[in-house]
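The structure appears below as structure tokens.
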There are 4 protein chains.
Amino acid sequence: MKLWQKNSKLDPRIEAYTVGDDPILDLNLVKYDCLASIAHTRMLGKIGVLEKEEVEKLEKELNHIIELNQKNKFHITLEQEDCHTAIENHLTEKLGELGEKIHTARSRNDQVLAALRLYYKSELDKIEKMIHDFLQSLQNLMKHSGSVQFPGYTHTRKAMVSSVSLWAAGYAESMADNLSLLDFTRELIDQSPLGTGAGYGVPLNVDREFTAEQAGFSRVQQHPTYVQLSRGKLESTLLHAMTQIMVDLNRLASDLILFSESVLGYFRLPPALCTGSSIMPHKKNPDVLELVRAHYHRVLAGEIQLKTQIGNLISGYHRDMQITKKPVMESLDITEKSITIITLVIDNLKVDPEKCKAGLTPEIYATEKVYALVKEGVPFREAYRRIAREFE
Amino acid sequence: MKLWQKNSKLDPRIEAYTVGDDPILDLNLVKYDCLASIAHTRMLGKIGVLEKEEVEKLEKELNHIIELNQKNKFHITLEQEDCHTAIENHLTEKLGELGEKIHTARSRNDQVLAALRLYYKSELDKIEKMIHDFLQSLQNLMKHSGSVQFPGYTHTRKAMVSSVSLWAAGYAESMADNLSLLDFTRELIDQSPLGTGAGYGVPLNVDREFTAEQAGFSRVQQHPTYVQLSRGKLESTLLHAMTQIMVDLNRLASDLILFSESVLGYFRLPPALCTGSSIMPHKKNPDVLELVRAHYHRVLAGEIQLKTQIGNLISGYHRDMQITKKPVMESLDITEKSITIITLVIDNLKVDPEKCKAGLTPEIYATEKVYALVKEGVPFREAYRRIAREFE
Amino acid sequence: MKLWQKNSKLDPRIEAYTVGDDPILDLNLVKYDCLASIAHTRMLGKIGVLEKEEVEKLEKELNHIIELNQKNKFHITLEQEDCHTAIENHLTEKLGELGEKIHTARSRNDQVLAALRLYYKSELDKIEKMIHDFLQSLQNLMKHSGSVQFPGYTHTRKAMVSSVSLWAAGYAESMADNLSLLDFTRELIDQSPLGTGAGYGVPLNVDREFTAEQAGFSRVQQHPTYVQLSRGKLESTLLHAMTQIMVDLNRLASDLILFSESVLGYFRLPPALCTGSSIMPHKKNPDVLELVRAHYHRVLAGEIQLKTQIGNLISGYHRDMQITKKPVMESLDITEKSITIITLVIDNLKVDPEKCKAGLTPEIYATEKVYALVKEGVPFREAYRRIAREFE
Amino acid sequence: MKLWQKNSKLDPRIEAYTVGDDPILDLNLVKYDCLASIAHTRMLGKIGVLEKEEVEKLEKELNHIIELNQKNKFHITLEQEDCHTAIENHLTEKLGELGEKIHTARSRNDQVLAALRLYYKSELDKIEKMIHDFLQSLQNLMKHSGSVQFPGYTHTRKAMVSSVSLWAAGYAESMADNLSLLDFTRELIDQSPLGTGAGYGVPLNVDREFTAEQAGFSRVQQHPTYVQLSRGKLESTLLHAMTQIMVDLNRLASDLILFSESVLGYFRLPPALCTGSSIMPHKKNPDVLELVRAHYHRVLAGEIQLKTQIGNLISGYHRDMQITKKPVMESLDITEKSITIITLVIDNLKVDPEKCKAGLTPEIYATEKVYALVKEGVPFREAYRRIAREFE
């Protein structure tokens with residue numbers, strides 16, 4: 001029985017189409033929906049809608065659902081449509097009429113947003129930790145091989161001398177800026193939608209500050225209309241943060257793919273990280289790096305989807321928003337896996353000092369020669385032209 | 001044991017990351033990989049690599065796999081990585097050394113493309129049929145309600161008189177053009193990659209025309225290098241065809257959402273197609289239409305992913321291509337479901353003649369008044385200005 | 001004075017914002033708008049709205065505008081907004097009341113579509129010719145250097161022996177498929193919108209077949225509602241064709257950038273095609289190739305814009321469509337310039353046989369060794385494992 | 001003469017293709033390139049590369065160029081390629097050998113980034129101011145009409161009572177969050193690339209902190225490799241901020257288009273903000289709103305371009321980056337114009353209290369009826385079902 005269901009029966013084909021992947025995707029949200037429901041329940045207690053004892057019963061059962069979910073024992077049926085219905089159904093089954101009271105002063109609209117945002121915050125915390133591990137791996141690489149010099153490229157052409165440290169530090173600094181973006185994103189998301197109903201408030205005196213605090217939000221999102229406008233929009237910033245991380249991994253992977261190519265060979269991937277070919281027995285392929293590279297585009301596609309699907313719509317909730325769940329969850333998952341796997345790659349990366357040295361052919365020192373002349377007093381542009389003649 | 005596996009063990013985390021969703025996605029391909037393998041086997045028989053008896057044995061076992069797959073009894077393990085390995089493993093297990101021969105003169109690179117293209121062709125056939133059903137539904141709608149007039153809009157403003165027939169016929173004609181695009185796409189895809197190995201041919205005299213014909217391809221894709229260049233590129237055209245279909249459904253859904261709004265009310269959705277609200281008991285929401293509308297953007301995101309991930313890569317196979325499978329399969333699935341569901345909506349759509357008539361307010365006849373003057377000899381621009389004054 | 005202007009004055013800031021770039025962009029359309037207007041005028045003559053003499057006068061003046069435009073002497077002011085107004089204004093100025101009659105039985109909606117489609121058809125013809133030149137350049141390259149062998153890559157790793165012919169032929173075959181797509185696209189676009197007014201027909205007996213034929217369209221687009229639905233949608237297919245061309249150029253450029261890198265050096269770009277660095281005097285950079293590569297993404301962004309901006313809109317014209325002009329015109333321009341420049345690059349490309357030979361290191365023959373064993377009767381998978389051991 | 005030019009002549013077709021639109025686009029950067037050059041010059045003075053007098057001469061001439069540029073009297077020729085060359089050429093022409101010294105210790109790579117970032121910062125300041133004006137307009141609207149109630153929608157269906165205040169405040173709060181994003185973006189961009197050369201440092205002891213401070217950057221971007229990695233990536237965040245602003249305007253415009261439709265009519269646009277139709281004399285169209293809506297997609301396409309074109313590239317500068325200039329400049333321009341125009345719309349928007357009241361039909365109070373029962377002690381879900389029966 002769905003939350004909104006009355007007498008008339010929904011066509012089963014419509015049901016299957018509208019429910020979509022929610023019964024599976026929503027398993028990620030059960031915990032967070034329960035946590036938000038506990039906060040909501042406590043608030044209902046505080047304003048006198050529920051008795052103290054009722055609050056305790058609901059809280060206990062909601063905690064029980066969290067446990068069931070952790071053991072993969074909480075299920076969402078197609079009939080139930082989503083985690084919100086499954087949870088309310090469970091409560092009503094266990095607690096009778098009391099379960100029918102919990103939806104007082106809320107709508108699925110603010111409920112789903114609360115669960116999603118608590119979930120995002122938790123994912124962001126995980127990702128920050130993973131990035132710190134990645135930065136540590138870069139530090140280790142710099143420690144053991146940082147001083148090895150190899151060619152720096154511009155235009156995919158040898159340009160000037162670079163080094164393992166210079167290479168790794170560039171990515172580390174870029175990731176540090178990504179951490180700032182994650183902080184900003186976390187703060188942006190950390191506002192409570194609870195108590196805004198379907199986007200036009202609820203006709204009851206609710207204590208939104210209290211609910212927010214109980215749910216662990218750092219502030220209240222003021223206007224119910226903004227709550228709905230921000231659906232898909234906050235998620236766009238979240239996925240923008242993911243694509244900024246992924247683009248760094250994409251380019252790092254692109255570097256490693258080229259720099260571990262047999263002729264250049266500045267870096268080497270150990271066999272345990274390489275895959276082979278079904279026809280060419282000699283191949284040791286950097287598939288893992290190619291997939292990191294490719295996954296950037298998957299995450300980017302998710303961001304684009306969010307940004308295009310909310311356009312041209314009037315304000316207020318639309319069911320279109322349901323389709324934003326999948327790209328967000330997928331993108332978080334891909335980003336997490338990709339950071340972890342790249343950390344593993346960096347941990348196992350070998351630098352080949354011989355090949356690096358061999359790569360430092362004479363032209364790579366041309367700029368330094370220019371500056372030797374500059375130090376002797378030759379104007380830069382004139383020094384440049386003189387050295388240029390040597391390489392014609 | 002993977003097709004390319006030798007002694008060294010792949011790190012299990014690398015394995016999980018590189019294998020990804022393939023064991024699930026590839027279940028869609030088992031049948032087509034077997035069909036292509038049968039064609040390949042026959043060709044090996046024809047050129048003398050296999051005995052006639054060997055061909056028969058392989059063919060029998062491959063047909064058996066198709067049956068198992070139809071009964072959901074053929075499984076692909078993480079260890080096996082993909083359907084190609086699972087099938088070769090199965091053959092070797094059942095037929096011993098003979099199974100080890102089937103990969104002669106092919107690579108997974110041409111093998112996967114063959115399976116994918118046979119799968120695409122079959123999906124395209126399905127979609128064409130679904131579109132014909134949709135067109136039939138539009139015909140029925142025109143038959144029972146075509147003559148009902150209601151306002152035609154430009155700029156979301158009442159413009160001139162339209163009718164159910166005019167409205168439906170516009171979509172029907174647009175879908176007919178989509179059918180041409182599907183035909184073109186099918187023809188483009190209908191070229192055999194078999195016999196091109198990993199993109200640089202196979203060092204054996206294979207009969208590519210024969211394999212192509214046996215696999216049901218209408219022609220041979222000539223150059224092995226093009227075979228690899230076309231990965232992701234042919235799929236782009238395939239998904240472009242899907243987005244062209246979906247954009248029509250998106251706009252049709254947008255029309256119906258607005259035109260069935262209570263104040264306008266030209267159309268009505270029966271309750272069995274509507275969903276409700278968890279907080280507002282009066283709501284009868286067109287969720288199904290909103291989801292069709294939103295799914296356009298999901299399919300579009302898939303197309304964009306394909307188009308961006310193949311850019312900036314040198315020619316020749318890259319593992320990045322694996323990541324193209326999911327958006328393609330998802331998009332085909334979404335498009336099929338959306339056509340079917342919109343057909344169901346059209347079949348159940350009610351036209352409200354009262355509301356339609358009520359919508360035909362005086363301003364909608366302004367242009368006809370201009371033309372009445374034109375017929376009396378007034379120059380068009382002058383007639384236009386005269387009538388305009390009436391509406392100031 | 002704009003076509004729709006009555007007494008009230010438009011706010012000048014609104015005017016500037018709504019007119020946008022049209023006065024510049026529309027210079028591309030003047031010729032085609034005049035040609036379509038001539039066809040329309042002749043039809044008005046045929047159905048008796050205009051006298052034979054009036055048709056001749058209008059036709060003469062419209063031809064005069066085409067001449068002025070060719071000499072860059074036809075101007076469109078901000079006040080006039082677009083080429084359609086500028087042309088009607090010009091006619092009214094020269095021919096008085098007769099100019100006020102030409103807009104009979106049409107709207108700017110069908111008028112602009114007619115001009116755009118004639119323009120697209122002409123651009124498509126140009127592009128087809130350019131592709132033929134490009135294919136000729138590839139033929140020449142194959143003629144003078146086709147037999148030179150160099151490494152074929154998979155996973156950016158040396159895989160098997162390739163050759164200049166195999167490399168070039170892959171792109172040639174891909175371009176040949178693009179030509180089919182261009183043909184399909186041209187045919188799709190080649191339908192006349194004239195006579196459909198603002199999307200709901202015109203209240204006058206027009207002869208749409210006659211207008212279509214006079215304007216050089218091969219058929220009539222039947223339903224006025226489809227005419228408006230196809231705005232942006234036909235253009236999507238047009239830009240899809242452009243991105244399919246550009247992705248080939250992107251990958252060809254990616255190949256040449258890497259293969260002309262100093263260490264690999266299979267190809268060389270002559271100095272006249274290279275640019276330098278402001279700081280590094282030795283650099284000979286393949287900027288032209290990098291820009292071809294980058295321009296793919298510009299064209300792709302244009303296609304995406306078209307596809308996202310028409311979503312979620314009800315049917316019927318919206319002013320949003322104006323914003324589709326720029327990405328289409330830009331993309332056609334970029335594609336044309338890029339094909340031309342890549343043809344120039346191919347014409348001047350040098351193959352370095354020494355470097356090519358040096359690239360053919362032993363591992364590249366591994367697959368051939370496997371097949372030597374296969375020919376001796378060893379099952380493929382067993383042969384593969386034996387040779388693999390040589391490369392561990 | 002280009003900065004990198006030696007003896008050999010670049011093919012003029014290559015020149016035209018590679019230079020592209022830079023001579024026009026770079027006019028936006030002249031001022032900022034001069035400001036960054038002044039900072040760089042002072043630093044060269046500080047470390048003893050230039051005499052005090054030389055610094056003064058260069059500074060004076062650079063300020064002169066800024067003035068010329070403000071009067072539209074500084075030109076960039078195709079031959080000069082970009083503003084950097086035009087400025088250096090100008091200096092050399094005026095100051096002889098001294099002009100040849102200014103490029104000491106820098107590359108165009110860090111130079112262009114410095115100019116771009118100063119330009120971005122200045123644009124961000126402008127945009128923040130514009131948003132404050134927009135917020136003020138919303139405040140005014142709330143002041144004069146805030147208490148007027150009209151229907152709030154979900155699923156494009158009447159849901160609950162909303163009001164002009166509730167509607168406007170939602171957008172105001174969303175814009176306030178956009179201001180936070182702008183602040184974050186400004187801070188992210190506010191790091192000095194000067195002194196990092198072409199991405200691998202300069203072989204001279206430069207004082208990067210001093211240059212940064214003189215140029216008005218709040219900090220130094222540490223690693224030269226990150227400086228290059230951040231090209232296109234910082235711009236992605238910049239354009240993400242623009243799309244977040246534009247999506248709010250897109251939805252606000254979507255609301256106004258629908259809510260000012262004649263049947264609903266909650267809002268009215270005065271005639272001075274409306275445009276007409278060339279065929280339908282009664283039309284008063286909200287073109288300006290439709291163009292704001294459409295421009296969101298243009299800006300989004302720009303963001304997507306940036307994000308796709310930097311993917312799959314190894315680290316280090318590529319000429320591809322040149323193609324990022326146009327979408328960024330265009331997007332800033334469109335966003336600025338769109339905020340300004342929407343502010344004008346809000347300033348002139350009329351609320352129609354009669355139509356608003358008429359829109360408040362009985363079903364809109366259903367939820368309030370449920371809560372009346374809840375207050376009487378009926379469990380929410382039961383109260384919901386009772387009221388639902390009234391609307392069946």
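For the structure tokens, the naming scheme is as follows: chains receive sequential letters (A, B, ...) according to their order of presentation, residues are indexed from 1 within each chain, and ligands are indexed from 1 in presentation order.
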Return as number ranges by chain the residues belonging to chain B that are within 6 Å of chain C, counting only C-alpha atoms.
-> B: 100-101, 104, 153-155, 170, 223, 225-226, 251, 254-255, 312-314, 316-318, 379-381
Fewer than 4 positions away in the same chain doesn't count, so skip those; otherwise give me all residues within 7 Å of Val288 (chain B), counting only C-alpha atoms, as a ChimeraX atom specification.
-> /A:14,18 /B:292
Members of region 172-307 of chain D assigned strand (DSSP E or B) by DSSP, as a ChimeraX atom specification | /D:191-192,219-220,267-268,275,285
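Those residues that approach Asp82 (chain A) to within 10 Å, counting only C-alpha atoms, are A:Lys2, A:Leu3, A:Val19, A:Gly20, A:Asp21, A:Asp22, A:Pro23, A:Ile24, A:Leu25, A:Asp26, A:Leu27, A:Leu29, A:Val30, A:His75, A:Ile76, A:Thr77, A:Ile87, A:Val112; same-chain residues fewer than 5 positions away are not listed.
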Can those selected residues be exported to a file as a PDB file, in the first residue's frame so that it contains C-alpha atoms?
ATOM      1  CA  LYS A   2       1.599   3.253  -1.097  1.00  0.00           C
ATOM      2  CA  LEU A   3       1.499   6.360   1.082  1.00  0.00           C
ATOM      3  CA  VAL A  19       8.596   2.789  -9.364  1.00  0.00           C
ATOM      4  CA  GLY A  20      11.623   2.076 -11.523  1.00  0.00           C
ATOM      5  CA  ASP A  21      14.834   1.247  -9.658  1.00  0.00           C
ATOM      6  CA  ASP A  22      13.760   2.850  -6.413  1.00  0.00           C
ATOM      7  CA  PRO A  23      13.355  -0.362  -4.398  1.00  0.00           C
ATOM      8  CA  ILE A  24      17.039  -1.094  -5.017  1.00  0.00           C
ATOM      9  CA  LEU A  25      18.452   2.437  -4.927  1.00  0.00           C
ATOM     10  CA  ASP A  26      16.556   3.276  -1.767  1.00  0.00           C
ATOM     11  CA  LEU A  27      18.375   0.601   0.213  1.00  0.00           C
ATOM     12  CA  LEU A  29      18.720   5.579   2.110  1.00  0.00           C
ATOM     13  CA  VAL A  30      17.000   3.410   4.719  1.00  0.00           C
ATOM     14  CA  HIS A  75      13.340  -5.200   2.033  1.00  0.00           C
ATOM     15  CA  ILE A  76      11.457  -2.799  -0.190  1.00  0.00           C
ATOM     16  CA  THR A  77       8.851  -4.301  -2.479  1.00  0.00           C
ATOM     17  CA  ILE A  87       9.395   2.149   6.626  1.00  0.00           C
ATOM     18  CA  VAL A 112      13.249  12.224   0.826  1.00  0.00           C
TER      19      VAL A 112
END
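Among the candidates D:Leu182, D:Ile245, D:Leu349, D:Leu373, the one nearest to Ser260 (chain D) when counting only C-alpha atoms is D:Leu349.
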Coordinates-based distance that separates CA of Gln149 (chain D) from CA of Asn205 (chain A) (Å, one decimal) = 20.0 Å
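Closest approach to Asn72 (chain A) among A:Ser107, A:Thr41, A:Asn28, A:Gln136 is made by A:Asn28 (distances from only C-alpha atoms).
Summary of the local environment: counting only C-alpha atoms, residues at most 10 Å from Leu118 (chain C), other than itself and those fewer than 5 positions away along its chain, are Leu29, Lys31, Tyr32, Asp33, Leu35, Ala36, Leu113, Glu123, Leu124, Ile189, Asp190, Gln191, Ser192, Ala215, Gly216 and Phe217 of chain C.
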Per DSSP on the backbone, filter region 94-336 of chain B down to the residues in alpha helix (DSSP H) and report them as a ChimeraX atom specification.
-> /B:94-95,108-145,164-189,208-215,224-229,233-259,287-309,325-336
Identify, on the basis of only C-alpha atoms, every residue whose closest approach to Gly265 (chain C) does not exceed 9 Å; exclude the query and any residue fewer than 2 positions from it along the same chain; express the result as an NGL selection string.
-> :C and (258-263 or 267-268 or 351-352 or 355-356)
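For the residues C:Met321, C:Leu141, C:Ile341, C:Leu135, ranking by smallest atom-to-atom distance to Asp287 (chain C) using only C-alpha atoms places C:Ile341 first.
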